[in-house]
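Novice: Handing you this structure, nothing more for now.
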Amino acid sequence: MMPICILTLFGLPGVVSFAMGPPLSACTDMFPGGHGFDAQNANGSLPPFFITVNSTTYRPGDIIQVFLNSTAPWFFEGVFIQARRAKCNSPMRDSPVGTFKTMPNEDFVNPIDCSGITASALAHYSHNHISNRIIYWIAPSQSVGHIYLRGTFARNKRIFWTNVFSSFIRDSSIPDQTPEKCEVQSRMTGGSRSTLMITFPLLFLTVLFSFI
Ligand SMILES: *[C@@H]1O[C@H](CO)[C@@H](O)[C@H](O)[C@H]1NC(C)=O
Ligand SMILES: *[C@@H]1O[C@H](CO)[C@@H](O)[C@H](O)[C@H]1NC(C)=O
Ligand SMILES: *[C@@H]1O[C@H](CO)[C@@H](O)[C@H](O)[C@H]1NC(C)=O
């Protein structure tokens with residue numbers, strides 16, 4: 001009962017907020033709902049931020065170097081990065097894969113535990129003005145198909161982009177499969193599939209338990 005209540009709170013957008021970095025409730029849709037604004041890409045604006053990787057293929061356990069860059073004069077104050085399966089009809093498409101590591105002395109981003117998986121996402125924990133960062137993604141120990149990195153980059157509370165993608169990082173064991181990028185929500189309202197998937201079952205549980 002207790003764990004369910006806690007989970008329910010985290011599933012409801014805007015109920016819990018932290019001073020720095022995304023709340024775990026944002027792990028699925030990677031949308032900063034607490035900001036109270038649409039993403040810039042909701043109206044077709046292209047992000048001035050880039051995610052570049054040093055390899056477009058992986059094998060289990062590989063380390064991939066990742067650059068987070070901005071185009072001058074832009075910089076970012078907030079960032080949220082995950083790796084996702086490049087298969088939009090996968091039931092696991094909203095779950096993070098692999099883990100993240102940062103450089104020694106990193107003062108802006110650190111790994112966080114999304115979906116109960118240690119270091120499965122990377123997020124800011126301070127509000128420095130950042131133009132470039134190097135981070136590392138470590139492929140899972142088992143093959144999970146083609147993947148890509150996806151990011152949400154915030155210049156400030158009002159101006160941010162969701163759906164910032166790296167190139168595909170292909171699973172070398174399945175060269176024939178075609179990878180896909182799966183969009184997440186960019187608007188405050190209008191309900192993305194992923195938000196509904198998380199919020200409704202939890203709401204249902206809340207209602208259910210309030211009757212017991
Ligand atoms: C996108 O356009 C709509 C309609 O013009 C507007 O209400 C909204 O604020 C815009 N969002 C952004 C992020 O510019
Ligand atoms: C990418 O960077 C990682 C970490 O520095 C390194 O281990 C790996 O060999 C690099 N991959 C390629 C293809 O250069
Ligand atoms: C991206 O950032 C890294 C790390 O600071 C830097 O080495 C690299 O040159 C940058 N790339 C671009 C295109 O700015």
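Residue numbering restarts at 1 in every chain; chains get A, B, ... in the order shown in the structure tokens, and ligands count up from 1 in that same order.
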Might you pull out every residue within 10 Å of stretch 163-171 of chain A, with only C-alpha atoms counted and same-chain residues fewer than 4 positions away left off, and present them as a ChimeraX atom specification?
Specialist: /A:29-31,39,41-42,46-60,64,66-68,81-83,85-86,139,143-153,175-186
Novice: Using only C-alpha atoms, please write the residues we just selected to a file, as a compact mmCIF listing (two decimals), in the first residue's frame.
Specialist:
# COMPACT_ATOMS: atom_id res chain seq x y z
CA ASP A 29 8.19 11.38 -21.43
CA MET A 30 11.31 13.47 -20.71
CA PHE A 31 9.06 16.53 -20.71
CA ALA A 39 8.75 22.86 -25.81
CA ASN A 41 9.95 22.17 -31.00
CA ALA A 42 6.16 22.04 -30.53
CA LEU A 46 14.96 23.37 -34.48
CA PRO A 47 17.11 22.96 -31.37
CA PRO A 48 20.45 24.79 -31.19
CA PHE A 49 21.76 21.76 -29.28
CA PHE A 50 23.33 18.55 -30.54
CA ILE A 51 24.13 15.08 -29.29
CA THR A 52 27.04 13.49 -31.16
CA VAL A 53 28.47 10.02 -30.57
CA ASN A 54 31.88 8.60 -31.45
CA SER A 55 30.47 5.36 -32.82
CA THR A 56 27.35 4.48 -34.78
CA THR A 57 27.48 0.81 -33.84
CA TYR A 58 27.78 -0.95 -30.51
CA ARG A 59 28.39 -4.35 -29.05
CA PRO A 60 27.35 -5.29 -25.50
CA ILE A 64 30.55 5.34 -26.34
CA VAL A 66 28.99 11.44 -26.26
CA PHE A 67 29.31 15.16 -26.96
CA LEU A 68 26.58 17.54 -25.84
CA ILE A 81 19.58 12.33 -21.61
CA GLN A 82 18.60 8.70 -22.06
CA ALA A 83 19.30 5.95 -24.57
CA ARG A 85 15.46 1.41 -28.34
CA ALA A 86 15.05 2.53 -31.96
CA ALA A 139 25.98 -0.32 -23.74
CA SER A 143 22.12 -6.83 -27.08
CA VAL A 144 18.91 -4.70 -27.16
CA GLY A 145 18.68 -3.85 -30.86
CA HIS A 146 19.48 -0.49 -32.44
CA ILE A 147 19.33 2.47 -30.09
CA TYR A 148 19.74 6.24 -30.10
CA LEU A 149 20.31 8.85 -27.45
CA ARG A 150 17.54 11.32 -26.84
CA GLY A 151 17.71 14.55 -24.90
CA THR A 152 15.73 17.42 -23.45
CA PHE A 153 17.78 20.62 -23.35
CA PRO A 175 22.44 -5.25 -39.40
CA ASP A 176 19.22 -5.77 -41.40
CA GLN A 177 16.71 -4.17 -39.05
CA THR A 178 15.76 -0.54 -39.82
CA PRO A 179 16.02 1.81 -36.81
CA GLU A 180 13.33 4.40 -36.01
CA LYS A 181 13.20 7.52 -33.82
CA CYS A 182 10.14 7.68 -31.59
CA GLU A 183 8.92 11.17 -30.67
CA VAL A 184 7.94 12.07 -27.13
CA GLN A 185 5.68 14.90 -26.07
CA SER A 186 6.51 18.50 -26.89
Novice: Within 9 Å of ligand 1, counting only C-alpha atoms and all ligand atoms: which residues, as a PyMOL selection string?
Specialist: chain A and resi 37-45+158-161+186-187
Novice: For the residues in that selection, give me N, CA, C and O atoms as a PDB file, in the first residue's frame.
Specialist:
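Okay, out-v7.pdb is ready:
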ATOM      1  N   PHE A  37       5.371  25.275 -19.697  1.00  0.00           N
ATOM      2  CA  PHE A  37       5.423  25.797 -21.072  1.00  0.00           C
ATOM      3  C   PHE A  37       5.541  24.648 -22.073  1.00  0.00           C
ATOM      4  O   PHE A  37       6.006  23.566 -21.713  1.00  0.00           O
ATOM      5  N   ASP A  38       5.148  24.922 -23.330  1.00  0.00           N
ATOM      6  CA  ASP A  38       5.429  23.977 -24.418  1.00  0.00           C
ATOM      7  C   ASP A  38       6.924  23.973 -24.697  1.00  0.00           C
ATOM      8  O   ASP A  38       7.616  24.966 -24.435  1.00  0.00           O
ATOM      9  N   ALA A  39       7.380  22.877 -25.309  1.00  0.00           N
ATOM     10  CA  ALA A  39       8.754  22.861 -25.813  1.00  0.00           C
ATOM     11  C   ALA A  39       8.818  23.717 -27.080  1.00  0.00           C
ATOM     12  O   ALA A  39       7.817  23.861 -27.788  1.00  0.00           O
ATOM     13  N   GLN A  40       9.960  24.263 -27.375  1.00  0.00           N
ATOM     14  CA  GLN A  40      10.123  25.079 -28.583  1.00  0.00           C
ATOM     15  C   GLN A  40       9.839  24.268 -29.839  1.00  0.00           C
ATOM     16  O   GLN A  40       9.296  24.786 -30.822  1.00  0.00           O
ATOM     17  N   ASN A  41      10.172  22.991 -29.807  1.00  0.00           N
ATOM     18  CA  ASN A  41       9.953  22.168 -31.004  1.00  0.00           C
ATOM     19  C   ASN A  41       8.479  21.893 -31.259  1.00  0.00           C
ATOM     20  O   ASN A  41       8.115  21.418 -32.324  1.00  0.00           O
ATOM     21  N   ALA A  42       7.601  22.216 -30.305  1.00  0.00           N
ATOM     22  CA  ALA A  42       6.160  22.042 -30.528  1.00  0.00           C
ATOM     23  C   ALA A  42       5.725  22.834 -31.755  1.00  0.00           C
ATOM     24  O   ALA A  42       4.802  22.443 -32.456  1.00  0.00           O
ATOM     25  N   ASN A  43       6.392  23.959 -32.019  1.00  0.00           N
ATOM     26  CA  ASN A  43       6.034  24.782 -33.172  1.00  0.00           C
ATOM     27  C   ASN A  43       7.081  24.688 -34.278  1.00  0.00           C
ATOM     28  O   ASN A  43       7.206  25.576 -35.099  1.00  0.00           O
ATOM     29  N   GLY A  44       7.844  23.624 -34.263  1.00  0.00           N
ATOM     30  CA  GLY A  44       8.754  23.360 -35.373  1.00  0.00           C
ATOM     31  C   GLY A  44      10.117  24.018 -35.268  1.00  0.00           C
ATOM     32  O   GLY A  44      10.918  23.921 -36.191  1.00  0.00           O
ATOM     33  N   SER A  45      10.409  24.666 -34.149  1.00  0.00           N
ATOM     34  CA  SER A  45      11.719  25.305 -34.015  1.00  0.00           C
ATOM     35  C   SER A  45      12.809  24.243 -33.813  1.00  0.00           C
ATOM     36  O   SER A  45      12.666  23.334 -33.000  1.00  0.00           O
ATOM     37  N   ARG A 158      11.524  28.585 -19.488  1.00  0.00           N
ATOM     38  CA  ARG A 158      10.541  28.765 -20.553  1.00  0.00           C
ATOM     39  C   ARG A 158      11.010  28.205 -21.890  1.00  0.00           C
ATOM     40  O   ARG A 158      10.208  27.720 -22.687  1.00  0.00           O
ATOM     41  N   ILE A 159      12.307  28.286 -22.158  1.00  0.00           N
ATOM     42  CA  ILE A 159      12.810  27.919 -23.493  1.00  0.00           C
ATOM     43  C   ILE A 159      13.562  26.599 -23.417  1.00  0.00           C
ATOM     44  O   ILE A 159      14.668  26.527 -22.863  1.00  0.00           O
ATOM     45  N   PHE A 160      12.937  25.561 -23.941  1.00  0.00           N
ATOM     46  CA  PHE A 160      13.573  24.239 -23.920  1.00  0.00           C
ATOM     47  C   PHE A 160      13.077  23.425 -25.109  1.00  0.00           C
ATOM     48  O   PHE A 160      12.051  23.740 -25.717  1.00  0.00           O
ATOM     49  N   TRP A 161      13.843  22.411 -25.446  1.00  0.00           N
ATOM     50  CA  TRP A 161      13.497  21.513 -26.549  1.00  0.00           C
ATOM     51  C   TRP A 161      13.446  20.078 -26.036  1.00  0.00           C
ATOM     52  O   TRP A 161      14.365  19.650 -25.298  1.00  0.00           O
ATOM     53  N   SER A 186       5.878  17.187 -26.818  1.00  0.00           N
ATOM     54  CA  SER A 186       6.505  18.498 -26.890  1.00  0.00           C
ATOM     55  C   SER A 186       5.568  19.592 -26.383  1.00  0.00           C
ATOM     56  O   SER A 186       5.977  20.733 -26.256  1.00  0.00           O
ATOM     57  N   ARG A 187       4.321  19.235 -26.104  1.00  0.00           N
ATOM     58  CA  ARG A 187       3.373  20.237 -25.605  1.00  0.00           C
ATOM     59  C   ARG A 187       2.927  19.930 -24.188  1.00  0.00           C
ATOM     60  O   ARG A 187       2.850  18.776 -23.790  1.00  0.00           O
TER      61      ARG A 187
END
Novice: Using only C-alpha atoms and all ligand atoms, I'd like a table of the residues in chain A that come within 7 Å of ligand 3; for each, show the closest atom pair and its distance in Å rounded to one decimal, ordered by chain and ascending number, as a tab-separated table.
Specialist:
residue	atom	partner	partner_atom_place_in_ligand_line	distance
A:Phe67	CA	ligand 3	1 (C)	5.1
A:Leu68	CA	ligand 3	1 (C)	6.0
A:Asn69	CA	ligand 3	1 (C)	4.6
A:Ser70	CA	ligand 3	14 (O)	6.9
A:Asn132	CA	ligand 3	2 (O)	4.1
A:Arg133	CA	ligand 3	4 (C)	4.7
A:Ile134	CA	ligand 3	4 (C)	5.1
Novice: Residues as selected, N, CA, C and O atoms, written as a compact mmCIF listing (two decimals), in the first residue's frame, can you do that?
Specialist:
# COMPACT_ATOMS: atom_id res chain seq x y z
N PHE A 67 29.15 13.71 -27.09
CA PHE A 67 29.31 15.16 -26.96
C PHE A 67 27.93 15.80 -26.86
O PHE A 67 27.05 15.49 -27.68
N LEU A 68 27.76 16.68 -25.88
CA LEU A 68 26.58 17.54 -25.84
C LEU A 68 27.07 18.92 -26.23
O LEU A 68 27.93 19.47 -25.54
N ASN A 69 26.59 19.44 -27.33
CA ASN A 69 27.10 20.72 -27.83
C ASN A 69 25.96 21.69 -28.11
O ASN A 69 24.85 21.29 -28.41
N SER A 70 26.30 22.98 -28.05
CA SER A 70 25.33 23.99 -28.47
C SER A 70 25.94 24.83 -29.57
O SER A 70 27.15 24.86 -29.75
N ASN A 132 29.28 22.97 -23.91
CA ASN A 132 29.80 21.68 -24.37
C ASN A 132 30.04 20.76 -23.18
O ASN A 132 30.52 21.22 -22.14
N ARG A 133 29.75 19.51 -23.38
CA ARG A 133 30.04 18.52 -22.34
C ARG A 133 30.40 17.21 -23.00
O ARG A 133 29.85 16.86 -24.06
N ILE A 134 31.30 16.47 -22.36
CA ILE A 134 31.57 15.09 -22.78
C ILE A 134 31.03 14.16 -21.71
O ILE A 134 31.30 14.37 -20.51
Novice: So which bits of stretch 73-171 of chain A end up strand (DSSP E or B) when you DSSP the backbone, as a count of residues only?
Specialist: 46
Novice: Would you give me, as a list in words, the residues in stretch 37-141 of chain A that DSSP reads as helix (DSSP H, G or I)?
Specialist: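 Across stretch 37-141 of chain A, those assigned helix (DSSP H, G or I) are Gln40, Asn41, Ala42, Asn43, Cys114, Ser115 and Gly116 of chain A.
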Novice: Please list as a ChimeraX atom specification every residue within 7 Å of A:Thr99, counting only C-alpha atoms and excluding residues in the same chain fewer than 6 positions away.
Specialist: /A:119-121,137-139
Novice: Between atom CA of A:Ser131 and atom CA of A:Ala72, measure the distance and give it in Å to one decimal.
Specialist: 7.9 Å
Novice: Rounded to one decimal place, report the atom CA of A:Val79-atom CA of A:Gln142 distance in Å.
Specialist: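 Between atom CA of A:Val79 and atom CA of A:Gln142 the gap is 27.1 Å.
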Novice: For each of A:Leu122, A:Ala26, A:Val97, A:Ile135, take the minimum atom-to-atom distance to ligand 2, counting only C-alpha atoms and all ligand atoms, then give the residue where this is smallest.
Specialist: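 Checking each candidate against ligand 2, we get A:Ile135 as the closest.
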Novice: With distances taken over only C-alpha atoms and all ligand atoms, which residue among A:Phe100, A:Tyr125, A:Phe75, A:Tyr136 lies nearest ligand 2?
Specialist: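 Among the listed residues, the smallest separation from ligand 2 belongs to A:Tyr136.
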Novice: A:Thr28, A:Thr102, A:Asn156, A:Asn89: which is nearest ligand 2, counting only C-alpha atoms and all ligand atoms?
Specialist: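 Using only C-alpha atoms and all ligand atoms, the shortest distance to ligand 2 belongs to A:Thr102.
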